[in-house]
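These notes are about the structure you will find just below.
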Amino acid sequence: MCTRKTLDEKSYAIIVLTRALTTMVSTPVIKCISDPSRRYADYRRRAIRNSTVKRELRILACVYSQENVPSIINFLAATNPTKDCSVCIYVLHLVDLVGRAASLLVEHDKQPKQKQLTHIQSHSRVSEKINKAFDKFEQRSQNFTIGQAYTAVAPFAGMYNNVCDIIMDKRINLVIIP
């Protein structure tokens with residue numbers, strides 16, 4: 001135990017009360033300023049029931065592995081789009097990131113690139129096969145278009161951030177998660 005008295009009781013009481021007061025005031029202020037739910041407040045009006053009949057239906061198809069592709073394609077075929085109401089599909093290949101802290105969202109072009117990022121090369125072949133399956137589905141089906149294909153490399157616990165970012169950015173109406 002320390003025998004030196006660097007602070008008297010009055011100074012110590014003032015410091016403790018000041019810290020308590022600062023915490024009581026700053027916590028609600030920070031919650032009001034940085035409310036993460038505001039980011040998704042506009043999304044409530046983008047449900048299928050609120051969409052108009054002659055509007056494009058935007059679907060985000062999340063894929064973990066190649067085994068998920070046939071069931072998602074069967075579900076998409078059952079939506080039966082018409083000329084008045086076409087379906088735009090966005091494909092998101094979800095890859096679990098192990099051993100790194102920073103996540104990565106890769107946007108794929110329609111034309112294949114010669115150079116791939118080195119830390120996702122192992123998953124690029126799987127992503128290419130998944131993208132080709134959806135491209136073939138688009139070619140043989142009417143009123144379906146593939147909007148964009150993505151690969152999200154992130155820790156499993158944080159993958160929802162990439163999904164939510166794409167939902168908000170592309171104004172998605174329906175999300176398919178296997």
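Order determines the names: the first chain of the structure tokens is A, the second B, and so forth; residues in each chain are numbered 1 upward, and ligands are numbered 1 upward as they are shown.
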- Message: Would you pick out the contacts of range 129-134 of chain A at 8 Å or less, using only C-alpha atoms, so that residues sharing its chain but fewer than 4 positions from it are not included, and give the list as a ChimeraX atom specification?
- Response: /A:66,69,73,91,93,125,138,146,149
- Non-local contacts of Cys88 in chain A (10 Å; only C-alpha atoms; under 2 positions in same chain excluded) as a PyMOL selection string: chain A and resi 56-60+81+85-86+90-91+138+143-148+172
- Query: Between A:Pro178, A:Ser141, A:Tyr12, A:Val29, which has the minimum distance to Ser71 in chain A (counting only C-alpha atoms)?
  - Reply: A:Pro178
- Note on the structure: For Phe75 in chain A, the closest of A:Phe137, A:Thr6, A:Asn162, A:Ser26 counting only C-alpha atoms is A:Phe137
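Minimum atom-to-atom distance to Glu67 in chain A, evaluated using only C-alpha atoms, belongs to A:Val126 out of A:Val126, A:Asn173, A:Gln139, A:Asp165.
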- Task: Determine, counting only C-alpha atoms, which protein, DNA and RNA residues have an atom within 12 Å of an atom of Val163 in chain A; residues of the same chain fewer than 3 positions away are not included. Present the result as a VMD selection string.
- Result: chain A and resid 59 to 63 90 to 94 105 150 to 154 156 to 160 166 to 172 174 to 177
Save out the residues we just selected, C-alpha atoms, as a PDB file, in the first residue's frame.
ATOM      1  CA  ILE A  59     -32.194 -10.409 -55.562  1.00  0.00           C
ATOM      2  CA  LEU A  60     -28.920 -10.961 -53.723  1.00  0.00           C
ATOM      3  CA  ALA A  61     -27.903 -14.619 -53.888  1.00  0.00           C
ATOM      4  CA  CYS A  62     -25.301 -15.434 -51.236  1.00  0.00           C
ATOM      5  CA  VAL A  63     -23.285 -18.573 -51.958  1.00  0.00           C
ATOM      6  CA  TYR A  90     -26.480 -10.072 -57.651  1.00  0.00           C
ATOM      7  CA  VAL A  91     -24.210 -12.958 -56.679  1.00  0.00           C
ATOM      8  CA  LEU A  92     -22.099 -12.851 -53.523  1.00  0.00           C
ATOM      9  CA  HIS A  93     -19.606 -15.655 -52.865  1.00  0.00           C
ATOM     10  CA  LEU A  94     -18.911 -15.717 -49.121  1.00  0.00           C
ATOM     11  CA  LEU A 105     -14.945  -7.308 -50.977  1.00  0.00           C
ATOM     12  CA  TYR A 150     -18.834 -10.272 -55.779  1.00  0.00           C
ATOM     13  CA  THR A 151     -16.567 -12.261 -53.507  1.00  0.00           C
ATOM     14  CA  ALA A 152     -16.545 -11.335 -49.819  1.00  0.00           C
ATOM     15  CA  VAL A 153     -13.533 -12.583 -47.886  1.00  0.00           C
ATOM     16  CA  ALA A 154     -14.279 -11.874 -44.231  1.00  0.00           C
ATOM     17  CA  PHE A 156     -17.632 -15.479 -40.462  1.00  0.00           C
ATOM     18  CA  ALA A 157     -18.831 -13.270 -37.617  1.00  0.00           C
ATOM     19  CA  GLY A 158     -18.481 -10.109 -39.743  1.00  0.00           C
ATOM     20  CA  MET A 159     -19.790 -11.292 -43.123  1.00  0.00           C
ATOM     21  CA  TYR A 160     -23.114  -9.600 -42.517  1.00  0.00           C
ATOM     22  CA  ILE A 166     -24.408  -4.598 -50.999  1.00  0.00           C
ATOM     23  CA  ILE A 167     -28.082  -4.604 -49.976  1.00  0.00           C
ATOM     24  CA  MET A 168     -28.000  -0.889 -49.301  1.00  0.00           C
ATOM     25  CA  ASP A 169     -25.830   0.011 -52.288  1.00  0.00           C
ATOM     26  CA  LYS A 170     -27.775  -1.979 -54.908  1.00  0.00           C
ATOM     27  CA  ARG A 171     -31.217  -1.486 -53.333  1.00  0.00           C
ATOM     28  CA  ILE A 172     -31.880  -5.220 -53.018  1.00  0.00           C
ATOM     29  CA  LEU A 174     -34.785 -10.112 -51.542  1.00  0.00           C
ATOM     30  CA  VAL A 175     -31.764 -11.852 -50.012  1.00  0.00           C
ATOM     31  CA  ILE A 176     -31.145 -15.584 -50.405  1.00  0.00           C
ATOM     32  CA  ILE A 177     -28.803 -17.054 -47.811  1.00  0.00           C
TER      33      ILE A 177
END
- Message: Could you go through range 92-175 of chain A and tell me which residues DSSP, when run on the backbone, assigns to strand (DSSP E), listing them as a VMD selection string?
- Response: chain A and resid 92 to 96 104 to 108 144 to 154 174 to 175
Write a file of the selected residues as a short mmCIF file (atom, residue, chain, number, x, y, z; two decimals), in the first residue's frame, keeping N, CA, C and O atoms.
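The result, stored in again-v9.cif:
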data_model
loop_
_atom_site.label_atom_id
_atom_site.label_comp_id
_atom_site.auth_asym_id
_atom_site.auth_seq_id
_atom_site.Cartn_x
_atom_site.Cartn_y
_atom_site.Cartn_z
N LEU A 92 -23.13 -13.12 -54.53
CA LEU A 92 -22.10 -12.85 -53.52
C LEU A 92 -21.55 -14.17 -53.03
O LEU A 92 -22.25 -14.95 -52.37
N HIS A 93 -20.28 -14.45 -53.36
CA HIS A 93 -19.61 -15.66 -52.87
C HIS A 93 -18.96 -15.31 -51.53
O HIS A 93 -18.10 -14.44 -51.45
N LEU A 94 -19.39 -15.98 -50.47
CA LEU A 94 -18.91 -15.72 -49.12
C LEU A 94 -17.78 -16.69 -48.78
O LEU A 94 -17.97 -17.90 -48.81
N VAL A 95 -16.62 -16.13 -48.46
CA VAL A 95 -15.44 -16.94 -48.12
C VAL A 95 -15.03 -16.58 -46.70
O VAL A 95 -14.83 -15.40 -46.38
N ASP A 96 -14.89 -17.59 -45.86
CA ASP A 96 -14.50 -17.37 -44.46
C ASP A 96 -13.02 -17.01 -44.39
O ASP A 96 -12.17 -17.72 -44.94
N LEU A 104 -12.33 -8.25 -47.11
CA LEU A 104 -12.11 -7.81 -48.49
C LEU A 104 -13.35 -8.10 -49.30
O LEU A 104 -13.91 -9.19 -49.20
N LEU A 105 -13.81 -7.12 -50.08
CA LEU A 105 -14.94 -7.31 -50.98
C LEU A 105 -14.45 -7.07 -52.39
O LEU A 105 -14.02 -5.97 -52.73
N VAL A 106 -14.50 -8.12 -53.22
CA VAL A 106 -13.99 -8.05 -54.59
C VAL A 106 -15.16 -8.03 -55.55
O VAL A 106 -16.04 -8.88 -55.49
N GLU A 107 -15.17 -7.05 -56.43
CA GLU A 107 -16.20 -6.94 -57.45
C GLU A 107 -15.65 -7.55 -58.73
O GLU A 107 -14.60 -7.14 -59.22
N HIS A 108 -16.35 -8.54 -59.28
CA HIS A 108 -15.88 -9.24 -60.47
C HIS A 108 -16.42 -8.56 -61.73
O HIS A 108 -17.56 -8.13 -61.78
N PHE A 144 -34.11 -12.64 -66.86
CA PHE A 144 -33.15 -12.65 -65.76
C PHE A 144 -31.89 -11.94 -66.23
O PHE A 144 -31.43 -12.16 -67.36
N THR A 145 -31.33 -11.09 -65.38
CA THR A 145 -30.04 -10.49 -65.68
C THR A 145 -29.16 -10.62 -64.44
O THR A 145 -29.64 -10.57 -63.31
N ILE A 146 -27.88 -10.80 -64.69
CA ILE A 146 -26.91 -10.84 -63.59
C ILE A 146 -26.36 -9.43 -63.46
O ILE A 146 -25.69 -8.93 -64.37
N GLY A 147 -26.67 -8.78 -62.35
CA GLY A 147 -26.23 -7.41 -62.14
C GLY A 147 -24.74 -7.31 -61.90
O GLY A 147 -24.03 -6.61 -62.61
N GLN A 148 -24.26 -8.05 -60.92
CA GLN A 148 -22.85 -8.00 -60.57
C GLN A 148 -22.53 -9.22 -59.73
O GLN A 148 -23.40 -9.74 -59.04
N ALA A 149 -21.29 -9.65 -59.81
CA ALA A 149 -20.82 -10.76 -58.98
C ALA A 149 -19.73 -10.24 -58.04
O ALA A 149 -18.90 -9.43 -58.44
N TYR A 150 -19.79 -10.70 -56.80
CA TYR A 150 -18.83 -10.27 -55.78
C TYR A 150 -18.27 -11.49 -55.06
O TYR A 150 -18.92 -12.54 -55.01
N THR A 151 -17.12 -11.30 -54.46
CA THR A 151 -16.57 -12.26 -53.51
C THR A 151 -16.25 -11.50 -52.23
O THR A 151 -15.53 -10.50 -52.28
N ALA A 152 -16.80 -11.96 -51.12
CA ALA A 152 -16.55 -11.33 -49.82
C ALA A 152 -15.66 -12.27 -49.02
O ALA A 152 -16.05 -13.40 -48.72
N VAL A 153 -14.46 -11.83 -48.72
CA VAL A 153 -13.53 -12.58 -47.89
C VAL A 153 -13.51 -11.88 -46.54
O VAL A 153 -12.98 -10.77 -46.43
N ALA A 154 -14.13 -12.51 -45.54
CA ALA A 154 -14.28 -11.87 -44.23
C ALA A 154 -14.40 -12.95 -43.16
O ALA A 154 -14.78 -14.08 -43.46
N LEU A 174 -34.72 -8.76 -52.12
CA LEU A 174 -34.79 -10.11 -51.54
C LEU A 174 -33.37 -10.65 -51.41
O LEU A 174 -32.57 -10.54 -52.33
N VAL A 175 -33.08 -11.26 -50.27
CA VAL A 175 -31.76 -11.85 -50.01
C VAL A 175 -31.93 -13.35 -49.82
O VAL A 175 -32.78 -13.78 -49.03
#
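Between CA of Leu97 in chain A and CA of Pro155 in chain A the interatomic distance comes to 4.5 Å.
When CA of Cys164 in chain A is paired with CA of Asp84 in chain A, their separation reads 27.5 Å.
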